[in-house]
file my_file_26.txt (compact mmCIF, C-alpha atoms)
# COMPACT_ATOMS: atom_id res chain seq x y z
CA MET A 59 12.54 -12.15 -49.92
CA VAL A 60 15.23 -14.60 -49.04
CA VAL A 61 13.08 -16.04 -46.27
CA CYS A 62 10.24 -16.66 -48.76
CA THR A 63 12.58 -18.52 -51.11
CA VAL A 64 13.83 -20.73 -48.32
CA ALA A 65 10.29 -21.51 -47.17
CA ILE A 66 9.30 -22.57 -50.69
CA VAL A 67 12.37 -24.75 -51.03
CA ILE A 68 11.63 -26.45 -47.72
CA VAL A 69 8.01 -27.12 -48.73
CA ILE A 70 9.12 -28.57 -52.06
CA GLU A 71 11.75 -30.75 -50.40
CA ASP A 72 9.25 -31.92 -47.82
CA GLU A 73 6.91 -33.00 -50.62
CA LEU A 74 9.84 -34.72 -52.30
CA SER A 75 10.54 -36.72 -49.17
CA LEU A 76 6.96 -38.00 -49.42
CA VAL A 77 7.70 -39.01 -53.01
CA PHE A 78 10.89 -40.79 -52.06
CA SER A 79 9.38 -42.66 -49.14
CA ALA A 80 6.43 -43.64 -51.34
CA LEU A 81 8.86 -45.01 -53.92
CA ALA A 82 11.01 -46.82 -51.35
CA ASP A 83 8.59 -49.76 -51.52
CA PRO A 84 9.11 -52.24 -54.42
CA THR A 85 5.37 -52.96 -54.83
CA ARG A 86 4.60 -49.26 -55.11
CA ARG A 87 7.41 -48.86 -57.64
CA ALA A 88 5.88 -51.72 -59.64
CA ILE A 89 2.46 -50.03 -59.46
CA VAL A 90 4.00 -46.77 -60.73
CA THR A 91 5.73 -48.68 -63.55
CA ARG A 92 2.41 -50.32 -64.46
CA LEU A 93 0.60 -46.95 -64.45
CA ALA A 94 3.29 -45.50 -66.72
CA THR A 95 1.76 -47.69 -69.45
CA GLY A 96 -1.75 -46.30 -68.86
CA ALA A 97 -4.60 -45.89 -66.37
CA ALA A 98 -5.72 -48.91 -64.34
CA THR A 99 -8.41 -49.71 -61.79
CA VAL A 100 -7.70 -51.19 -58.36
CA ASN A 101 -8.82 -54.61 -59.68
CA GLN A 102 -6.49 -54.42 -62.65
CA LEU A 103 -3.61 -53.44 -60.36
CA ALA A 104 -4.31 -56.15 -57.78
CA GLU A 105 -4.20 -59.00 -60.29
CA PRO A 106 -0.54 -59.10 -61.44
CA PHE A 107 0.78 -58.46 -57.93
CA ALA A 108 -1.22 -61.25 -56.27
CA LEU A 109 -2.41 -58.72 -53.71
CA THR A 110 -5.83 -58.17 -52.18
CA GLN A 111 -7.74 -55.09 -53.29
CA GLN A 112 -7.37 -53.85 -49.74
CA ALA A 113 -3.57 -54.10 -49.87
CA VAL A 114 -3.47 -52.36 -53.25
CA SER A 115 -5.76 -49.59 -51.97
CA LYS A 116 -3.37 -49.03 -49.08
CA HIS A 117 -0.42 -48.65 -51.46
CA LEU A 118 -2.47 -46.36 -53.70
CA LYS A 119 -3.27 -44.09 -50.75
CA VAL A 120 0.46 -43.65 -50.09
CA LEU A 121 1.10 -42.88 -53.76
CA GLU A 122 -1.87 -40.49 -53.83
CA ARG A 123 -0.64 -38.66 -50.72
CA ALA A 124 2.74 -38.19 -52.46
CA ARG A 125 0.73 -36.97 -55.46
CA LEU A 126 2.41 -39.54 -57.68
CA ILE A 127 -1.01 -40.73 -58.85
CA ARG A 128 -4.52 -39.33 -59.21
CA ARG A 129 -7.91 -41.07 -59.13
CA THR A 130 -10.10 -40.20 -62.07
CA ARG A 131 -13.72 -41.08 -62.77
CA VAL A 132 -14.93 -43.01 -65.81
CA GLY A 133 -18.60 -43.85 -65.29
CA LYS A 134 -18.69 -45.89 -62.07
CA ALA A 135 -15.00 -46.84 -62.24
CA ARG A 136 -12.28 -44.74 -60.63
CA PRO A 137 -9.11 -45.69 -62.47
CA CYS A 138 -5.71 -44.42 -61.28
CA VAL A 139 -3.42 -42.37 -63.50
CA LEU A 140 0.20 -41.42 -63.05
CA ASP A 141 1.09 -37.82 -62.22
CA ALA A 142 4.42 -37.66 -64.02
CA ASP A 143 5.39 -34.17 -62.74
CA ARG A 144 6.31 -35.66 -59.39
CA LEU A 145 8.60 -38.22 -60.93
CA HIS A 146 10.32 -35.44 -62.85
CA ASP A 147 10.83 -33.51 -59.60
CA ALA A 148 12.41 -36.58 -58.04
CA ALA A 149 14.68 -37.09 -61.04
CA GLY A 150 15.61 -33.40 -60.77
CA TRP A 151 16.58 -33.88 -57.12
CA ILE A 152 18.93 -36.70 -58.04
CA GLU A 153 20.49 -34.69 -60.86
CA ARG A 154 21.04 -31.63 -58.63
CA HIS A 155 22.80 -33.70 -55.99
CA ARG A 156 24.87 -35.53 -58.60
CA GLN A 157 25.98 -32.20 -60.06
CA LEU A 158 26.90 -30.89 -56.62
CA TRP A 159 29.22 -33.83 -55.96
CA ALA A 160 30.67 -33.75 -59.49
CA ASP A 161 31.62 -30.06 -59.08
CA ARG A 162 32.96 -30.72 -55.60
CA HIS A 163 35.20 -33.50 -56.86
CA ASP A 164 36.43 -31.31 -59.74
CA ARG A 165 37.58 -28.73 -57.20
CA LEU A 166 39.00 -31.47 -54.94
CA GLU A 167 41.04 -32.74 -57.87
CA ALA A 168 42.48 -29.26 -58.47
CA HIS A 169 43.25 -28.99 -54.74
CA LEU A 170 45.02 -32.38 -54.77
CA HIS A 171 47.13 -31.28 -57.74
CA THR A 172 48.29 -28.27 -55.77
CA LEU A 173 49.05 -30.36 -52.68
CA LEU A 174 50.87 -33.15 -54.50
CA ARG A 175 52.97 -30.84 -56.62
CA GLY A 176 54.37 -29.70 -53.28
CA GLU A 177 53.56 -26.13 -54.05
CA SER A 178 53.39 -23.91 -51.03
CA ASP A 179 49.93 -22.65 -50.36
CA ASP A 180 50.20 -19.44 -48.42
CA ARG A 181 46.68 -18.18 -48.91
CA MET B 450 14.25 -44.31 -57.85
CA THR B 451 14.19 -44.11 -54.05
CA GLY B 452 15.85 -40.82 -53.18
CA GLU B 453 19.22 -42.42 -53.50
CA LEU B 454 22.33 -41.14 -55.16
CA THR B 455 25.63 -42.88 -55.77
CA TYR B 456 28.52 -40.86 -57.09
CA ARG B 457 31.85 -42.54 -57.91
CA ARG B 458 35.17 -40.80 -58.56
CA VAL B 459 38.80 -41.92 -58.75
CA HIS B 460 41.56 -39.58 -57.55
CA ARG B 461 45.33 -39.88 -57.76
CA ALA B 462 46.00 -39.74 -54.02
CA SER B 463 46.07 -42.03 -50.99
CA PRO B 464 42.89 -42.90 -49.07
CA GLU B 465 44.44 -41.17 -46.02
CA LEU B 466 44.89 -37.86 -47.84
CA LEU B 467 41.40 -38.03 -49.33
CA PHE B 468 39.86 -38.85 -45.97
CA ASP B 469 41.71 -35.88 -44.47
CA CYS B 470 40.53 -33.62 -47.30
CA MET B 471 36.93 -34.53 -46.45
CA THR B 472 37.37 -33.96 -42.72
CA ASP B 473 39.90 -31.13 -42.26
CA PRO B 474 38.45 -27.57 -42.45
CA GLU B 475 41.70 -26.28 -44.00
CA HIS B 476 41.22 -28.72 -46.88
CA LEU B 477 37.41 -28.45 -47.08
CA ALA B 478 37.60 -24.68 -47.53
CA HIS B 479 39.35 -25.30 -50.87
CA PHE B 480 36.65 -27.36 -52.54
CA TRP B 481 33.47 -27.81 -50.48
CA GLY B 482 31.23 -24.90 -51.47
CA PRO B 483 28.89 -25.47 -54.41
CA ALA B 484 29.79 -23.61 -57.61
CA GLY B 485 29.26 -19.88 -57.17
CA THR B 486 29.79 -19.98 -53.42
CA SER B 487 32.73 -20.31 -51.07
CA THR B 488 33.08 -22.02 -47.73
CA PRO B 489 35.53 -20.06 -45.60
CA VAL B 490 37.50 -22.07 -43.08
CA ASP B 491 36.02 -20.17 -40.11
CA GLY B 492 32.54 -21.29 -41.22
CA ILE B 493 33.41 -24.97 -40.98
CA VAL B 494 32.89 -27.03 -37.82
CA VAL B 495 34.34 -30.54 -37.71
CA ASP B 496 34.04 -32.52 -34.49
CA LEU B 497 35.34 -35.81 -35.80
CA ARG B 498 33.65 -38.42 -33.60
CA PRO B 499 30.31 -40.26 -33.73
CA GLY B 500 27.69 -37.75 -32.60
CA GLY B 501 30.06 -34.84 -33.34
CA LYS B 502 29.03 -31.87 -35.44
CA PHE B 503 29.87 -31.35 -39.09
CA GLU B 504 28.71 -27.92 -40.25
CA THR B 505 29.66 -25.87 -43.26
CA THR B 506 28.50 -22.33 -43.98
CA MET B 507 28.47 -21.61 -47.68
CA VAL B 508 28.63 -17.94 -48.62
CA ASP B 509 27.48 -16.65 -52.01
CA ALA B 510 28.73 -13.61 -53.95
CA ASP B 511 26.09 -11.35 -52.34
CA GLY B 512 27.28 -12.29 -48.87
CA GLY B 513 24.27 -14.50 -48.13
CA GLY B 514 25.01 -17.67 -46.22
CA TYR B 515 23.56 -21.15 -45.93
CA THR B 516 24.68 -23.59 -43.25
CA MET B 517 24.59 -27.33 -43.77
CA ARG B 518 24.20 -28.99 -40.37
CA ALA B 519 25.14 -32.61 -40.03
CA VAL B 520 26.17 -35.06 -37.34
CA TYR B 521 28.84 -37.71 -37.81
CA VAL B 522 27.62 -41.26 -37.41
CA GLU B 523 30.70 -43.28 -38.31
CA ILE B 524 34.38 -42.39 -38.63
CA ASP B 525 36.77 -45.05 -39.84
CA ARG B 526 39.89 -43.37 -41.24
CA PRO B 527 40.83 -43.89 -44.05
CA HIS B 528 38.04 -46.24 -45.18
CA ARG B 529 34.65 -44.80 -44.39
CA LEU B 530 32.87 -41.67 -43.28
CA VAL B 531 29.15 -41.31 -42.50
CA TRP B 532 27.10 -38.28 -41.51
CA ILE B 533 23.42 -37.45 -41.28
CA GLU B 534 21.69 -34.15 -41.99
CA SER B 535 18.58 -34.38 -39.86
CA ASP B 536 16.81 -31.27 -41.18
CA VAL B 537 17.08 -32.00 -44.92
CA GLU B 538 14.35 -33.87 -46.77
CA GLY B 539 13.22 -35.80 -43.73
CA GLY B 540 16.82 -36.71 -42.88
CA MET B 541 19.59 -37.51 -45.27
CA ARG B 542 22.46 -39.89 -44.75
CA THR B 543 25.75 -39.49 -46.62
CA THR B 544 28.28 -42.33 -46.71
CA ILE B 545 31.69 -41.88 -48.29
CA THR B 546 33.97 -44.87 -48.82
CA PHE B 547 37.63 -44.63 -49.80
CA THR B 548 39.11 -47.69 -51.53
CA ASP B 549 42.83 -47.98 -52.27
CA ARG B 550 43.24 -49.32 -55.81
CA GLY B 551 46.89 -50.16 -55.20
CA ASP B 552 48.18 -48.07 -58.12
CA GLY B 553 48.39 -44.72 -56.39
CA HIS B 554 44.70 -44.09 -57.00
CA THR B 555 41.77 -44.15 -54.62
CA GLU B 556 38.15 -44.74 -55.51
CA VAL B 557 35.80 -42.46 -53.62
CA ILE B 558 32.15 -43.48 -53.56
CA THR B 559 29.56 -41.09 -52.17
CA HIS B 560 26.18 -42.57 -51.36
CA GLN B 561 23.26 -40.44 -50.21
CA THR B 562 19.92 -41.73 -49.10
CA ASN B 563 16.98 -40.79 -46.92
CA VAL B 564 17.24 -41.79 -43.29
CA PRO B 565 14.42 -44.32 -42.88
CA GLU B 566 16.05 -46.60 -45.41
CA ALA B 567 19.46 -45.93 -43.91
CA TYR B 568 18.15 -47.19 -40.59
CA LEU B 569 17.15 -50.48 -42.19
CA SER B 570 20.58 -51.08 -43.70
CA ALA B 571 22.31 -49.89 -40.55
CA GLU B 572 20.39 -52.39 -38.46
CA ALA B 573 21.67 -55.16 -40.68
CA ARG B 574 25.25 -54.31 -39.74
CA ALA B 575 26.84 -54.98 -36.40
CA GLY B 576 28.72 -52.18 -34.70
CA PHE B 577 26.45 -49.35 -35.67
CA ALA B 578 24.33 -49.56 -32.56
CA THR B 579 26.36 -47.12 -30.49
CA SER B 580 26.55 -44.37 -33.05
CA LEU B 581 22.87 -44.76 -33.94
CA ASP B 582 21.98 -44.54 -30.25
CA ARG B 583 23.92 -41.31 -30.11
CA PHE B 584 22.10 -40.09 -33.17
CA ASP B 585 18.77 -41.04 -31.59
CA ALA B 586 19.74 -39.03 -28.54
CA TYR B 587 20.63 -36.12 -30.79
CA LEU B 588 17.27 -36.31 -32.59
CA ALA B 589 15.44 -36.60 -29.28
CA GLY B 590 17.25 -33.44 -28.16
CA LEU B 591 16.11 -31.63 -31.30
CA ALA B 592 12.51 -32.72 -30.88
CA ARG B 593 12.32 -31.32 -27.35

call {"tool": "encode", "arguments": {"input": "my_file_26.txt", "output": "structure tokens"}}
result
Amino acid sequence: MVVCTVAIVIVIEDELSLVFSALADPTRRAIVTRLATGAATVNQLAEPFALTQQAVSKHLKVLERARLIRRTRVGKARPCVLDADRLHDAAGWIERHRQLWADRHDRLEAHLHTLLRGESDDR
Amino acid sequence: MTGELTYRRVHRASPELLFDCMTDPEHLAHFWGPAGTSTPVDGIVVDLRPGGKFETTMVDADGGGYTMRAVYVEIDRPHRLVWIESDVEGGMRTTITFTDRGDGHTEVITHQTNVPEAYLSAEARAGFATSLDRFDAYLAGLAR
């Protein structure tokens, strides 16, 4: 049972590392920000970034692999849409780690109080 | 959002004491384990040198354990401490800086980020080459 849980956690974290490396690039972050306002085609995405369609397609592939975006089909066009679940997972990762360090520092503070009061600690 | 976390905290203690708290198993055992777990001193390995091990085994109420395995990259008492966990999320780098505020307080900033980005910033700094080489050797050893 425990082994299963660990395996799932590792798979999830591995997928998250794809998300984080996809978002490490400023152009891809800008594309995600643009898609947060609604679906867009490759042409529509290429324009504001002064990029070739080829360059945009390359970025989109990375985002698609991280499952941050999906390609849909509207007639002949294949606009991209944001898959917000992934962003929520990433935000969750940051919050979990923040909480871990906050708790750790709470306990460190209590430990420092004990030390600096000069109390003997014979445990 | 790039898989980065910065956590800032001010403590009423010297940078030296705080650095020692973060690197001495006797101290770490008092506060390291996440809520609901404990980290007994005999489950903590600290080999305080670049390339040295930093491992903590956290034990939960049911007796189950989880070991965090990291390798120190930089040790600069009492200013800065860096370690990398190679098997977490594609590699995670943790940097802790201790800044004396001059009023009996020390600001502790914890920064965590994924390794590929950490490599970029590390390359921009002089003096990291040796410890990164050691880390490369460590990773190469793991990959074998």

call {"tool": "closest_residue", "arguments": {"input": "my_file_26.txt", "among": "B:Ala484, B:Pro474, B:Asp525, B:Thr548", "to": "chain A", "atoms": "all atoms listed in the file"}}
result
B:Ala484

call {"tool": "interface_residues", "arguments": {"input": "my_file_26.txt", "of": "chain A", "to": "chain B", "cutoff": "9 Å", "atoms": "all atoms listed in the file", "output": "ChimeraX atom specification"}}
result
/A:68,71-83,87,145,148-149,151-153,155-156,158-171,174

call {"tool": "write_last_selection", "arguments": {"input": "my_file_26.txt", "atoms": "C-alpha atoms", "output": "PDB file, in the frame of the given file"}}
result
ATOM      1  CA  ILE A  68      11.630 -26.450 -47.720  1.00  0.00           C
ATOM      2  CA  GLU A  71      11.750 -30.750 -50.400  1.00  0.00           C
ATOM      3  CA  ASP A  72       9.250 -31.920 -47.820  1.00  0.00           C
ATOM      4  CA  GLU A  73       6.910 -33.000 -50.620  1.00  0.00           C
ATOM      5  CA  LEU A  74       9.840 -34.720 -52.300  1.00  0.00           C
ATOM      6  CA  SER A  75      10.540 -36.720 -49.170  1.00  0.00           C
ATOM      7  CA  LEU A  76       6.960 -38.000 -49.420  1.00  0.00           C
ATOM      8  CA  VAL A  77       7.700 -39.010 -53.010  1.00  0.00           C
ATOM      9  CA  PHE A  78      10.890 -40.790 -52.060  1.00  0.00           C
ATOM     10  CA  SER A  79       9.380 -42.660 -49.140  1.00  0.00           C
ATOM     11  CA  ALA A  80       6.430 -43.640 -51.340  1.00  0.00           C
ATOM     12  CA  LEU A  81       8.860 -45.010 -53.920  1.00  0.00           C
ATOM     13  CA  ALA A  82      11.010 -46.820 -51.350  1.00  0.00           C
ATOM     14  CA  ASP A  83       8.590 -49.760 -51.520  1.00  0.00           C
ATOM     15  CA  ARG A  87       7.410 -48.860 -57.640  1.00  0.00           C
ATOM     16  CA  LEU A 145       8.600 -38.220 -60.930  1.00  0.00           C
ATOM     17  CA  ALA A 148      12.410 -36.580 -58.040  1.00  0.00           C
ATOM     18  CA  ALA A 149      14.680 -37.090 -61.040  1.00  0.00           C
ATOM     19  CA  TRP A 151      16.580 -33.880 -57.120  1.00  0.00           C
ATOM     20  CA  ILE A 152      18.930 -36.700 -58.040  1.00  0.00           C
ATOM     21  CA  GLU A 153      20.490 -34.690 -60.860  1.00  0.00           C
ATOM     22  CA  HIS A 155      22.800 -33.700 -55.990  1.00  0.00           C
ATOM     23  CA  ARG A 156      24.870 -35.530 -58.600  1.00  0.00           C
ATOM     24  CA  LEU A 158      26.900 -30.890 -56.620  1.00  0.00           C
ATOM     25  CA  TRP A 159      29.220 -33.830 -55.960  1.00  0.00           C
ATOM     26  CA  ALA A 160      30.670 -33.750 -59.490  1.00  0.00           C
ATOM     27  CA  ASP A 161      31.620 -30.060 -59.080  1.00  0.00           C
ATOM     28  CA  ARG A 162      32.960 -30.720 -55.600  1.00  0.00           C
ATOM     29  CA  HIS A 163      35.200 -33.500 -56.860  1.00  0.00           C
ATOM     30  CA  ASP A 164      36.430 -31.310 -59.740  1.00  0.00           C
ATOM     31  CA  ARG A 165      37.580 -28.730 -57.200  1.00  0.00           C
ATOM     32  CA  LEU A 166      39.000 -31.470 -54.940  1.00  0.00           C
ATOM     33  CA  GLU A 167      41.040 -32.740 -57.870  1.00  0.00           C
ATOM     34  CA  ALA A 168      42.480 -29.260 -58.470  1.00  0.00           C
ATOM     35  CA  HIS A 169      43.250 -28.990 -54.740  1.00  0.00           C
ATOM     36  CA  LEU A 170      45.020 -32.380 -54.770  1.00  0.00           C
ATOM     37  CA  HIS A 171      47.130 -31.280 -57.740  1.00  0.00           C
ATOM     38  CA  LEU A 174      50.870 -33.150 -54.500  1.00  0.00           C
TER      39      LEU A 174
END

call {"tool": "closest_residue", "arguments": {"input": "my_file_26.txt", "among": "B:Glu556, B:Thr516, B:Phe547, B:Asp473", "to": "Val495 in chain B", "atoms": "all atoms listed in the file"}}
result
B:Asp473

call {"tool": "atom_distance", "arguments": {"input": "my_file_26.txt", "atom1": "CA of Leu173 in chain A", "atom2": "CA of Ala478 in chain B"}}
result
13.8 Å

call {"tool": "closest_residue", "arguments": {"input": "my_file_26.txt", "among": "A:Arg144, A:Thr172, A:Ala135, A:Gln102", "to": "Arg123 in chain A", "atoms": "all atoms listed in the file"}}
result
A:Arg144

call {"tool": "residues_around", "arguments": {"input": "my_file_26.txt", "residues": "Trp532 in chain B", "least_positions_apart": "3", "cutoff": "10 Å", "atoms": "all atoms listed in the file", "output": "ChimeraX atom specification"}}
result
/B:499-503,518-524,535,541-545,561,584

call {"tool": "axis_aligned_box", "arguments": {"input": "my_file_26.txt", "around": "range 99-107 of chain A", "padding_each_side": "4 Å", "output": "lines of an AutoDock Vina configuration file"}}
result
center_x = -4.0
center_y = -54.4
center_z = -60.2
size_x = 17.6
size_y = 17.4
size_z = 12.9

call {"tool": "atom_distance", "arguments": {"input": "my_file_26.txt", "atom1": "CA of Val508 in chain B", "atom2": "CA of Ser487 in chain B"}}
result
5.3 Å

call {"tool": "residues_around", "arguments": {"input": "my_file_26.txt", "residues": "Pro137 in chain A", "least_positions_apart": "6", "cutoff": "8 Å", "atoms": "all atoms listed in the file", "output": "list in words"}}
result
Ala97, Ala98, Thr99, Val100, Arg129, Thr130 and Arg131 of chain A

call {"tool": "atom_distance", "arguments": {"input": "my_file_26.txt", "atom1": "CA of Leu118 in chain A", "atom2": "CA of Arg86 in chain A"}}
result
7.8 Å

call {"tool": "residues_near_point", "arguments": {"input": "my_file_26.txt", "point": "(31.9, -15.4, -52.1)", "cutoff": "10 Å", "atoms": "only C-alpha atoms", "output": "list of chain:residue names"}}
result
B:Gly482, B:Gly485, B:Thr486, B:Ser487, B:Thr488, B:Pro489, B:Met507, B:Val508, B:Asp509, B:Ala510, B:Asp511, B:Gly512, B:Gly513, B:Gly514

call {"tool": "closest_residue", "arguments": {"input": "my_file_26.txt", "among": "A:Leu109, A:Arg175, A:His146, A:Asp141", "to": "Ala124 in chain A", "atoms": "only C-alpha atoms"}}
result
A:Asp141

call {"tool": "closest_residue", "arguments": {"input": "my_file_26.txt", "among": "B:Arg529, B:Gly551, B:His560, B:Glu534", "to": "Phe468 in chain B", "atoms": "all atoms listed in the file"}}
result
B:Arg529

call {"tool": "closest_residue", "arguments": {"input": "my_file_26.txt", "among": "A:Val114, A:Val90, A:Leu103, A:Ala108", "to": "Leu126 in chain A", "atoms": "only C-alpha atoms"}}
result
A:Val90

call {"tool": "decode", "arguments": {"input": "my_file_26.txt", "residues": "range 157-169 of chain A", "atoms": "N, CA and C atoms", "output": "mmCIF file, in the first residue's frame"}}
result
data_model
loop_
_atom_site.group_PDB
_atom_site.id
_atom_site.type_symbol
_atom_site.label_atom_id
_atom_site.label_comp_id
_atom_site.auth_asym_id
_atom_site.auth_seq_id
_atom_site.Cartn_x
_atom_site.Cartn_y
_atom_site.Cartn_z
ATOM 1 N N GLN A 157 4.582 25.880 3.321
ATOM 2 C CA GLN A 157 4.049 25.454 4.617
ATOM 3 C C GLN A 157 5.082 24.645 5.403
ATOM 4 N N LEU A 158 5.802 23.780 4.686
ATOM 5 C CA LEU A 158 6.834 22.962 5.322
ATOM 6 C C LEU A 158 7.870 23.840 6.015
ATOM 7 N N TRP A 159 8.338 24.870 5.309
ATOM 8 C CA TRP A 159 9.371 25.741 5.874
ATOM 9 C C TRP A 159 8.808 26.630 6.966
ATOM 10 N N ALA A 160 7.560 27.051 6.832
ATOM 11 C CA ALA A 160 6.928 27.879 7.873
ATOM 12 C C ALA A 160 6.845 27.084 9.175
ATOM 13 N N ASP A 161 6.373 25.831 9.092
ATOM 14 C CA ASP A 161 6.279 24.973 10.282
ATOM 15 C C ASP A 161 7.658 24.728 10.881
ATOM 16 N N ARG A 162 8.614 24.476 10.013
ATOM 17 C CA ARG A 162 9.983 24.195 10.452
ATOM 18 C C ARG A 162 10.544 25.383 11.236
ATOM 19 N N HIS A 163 10.307 26.572 10.713
ATOM 20 C CA HIS A 163 10.813 27.765 11.393
ATOM 21 C C HIS A 163 10.060 28.051 12.689
ATOM 22 N N ASP A 164 8.782 27.674 12.754
ATOM 23 C CA ASP A 164 8.047 27.796 14.027
ATOM 24 C C ASP A 164 8.726 26.943 15.100
ATOM 25 N N ARG A 165 9.052 25.707 14.711
ATOM 26 C CA ARG A 165 9.682 24.806 15.691
ATOM 27 C C ARG A 165 11.101 25.265 16.012
ATOM 28 N N LEU A 166 11.807 25.807 14.994
ATOM 29 C CA LEU A 166 13.158 26.336 15.232
ATOM 30 C C LEU A 166 13.095 27.481 16.242
ATOM 31 N N GLU A 167 12.090 28.321 16.101
ATOM 32 C CA GLU A 167 11.940 29.456 17.015
ATOM 33 C C GLU A 167 11.762 28.966 18.457
ATOM 34 N N ALA A 168 10.931 27.947 18.621
ATOM 35 C CA ALA A 168 10.711 27.378 19.958
ATOM 36 C C ALA A 168 12.026 26.794 20.489
ATOM 37 N N HIS A 169 12.775 26.127 19.610
ATOM 38 C CA HIS A 169 14.060 25.541 20.000
ATOM 39 C C HIS A 169 15.043 26.635 20.422
#
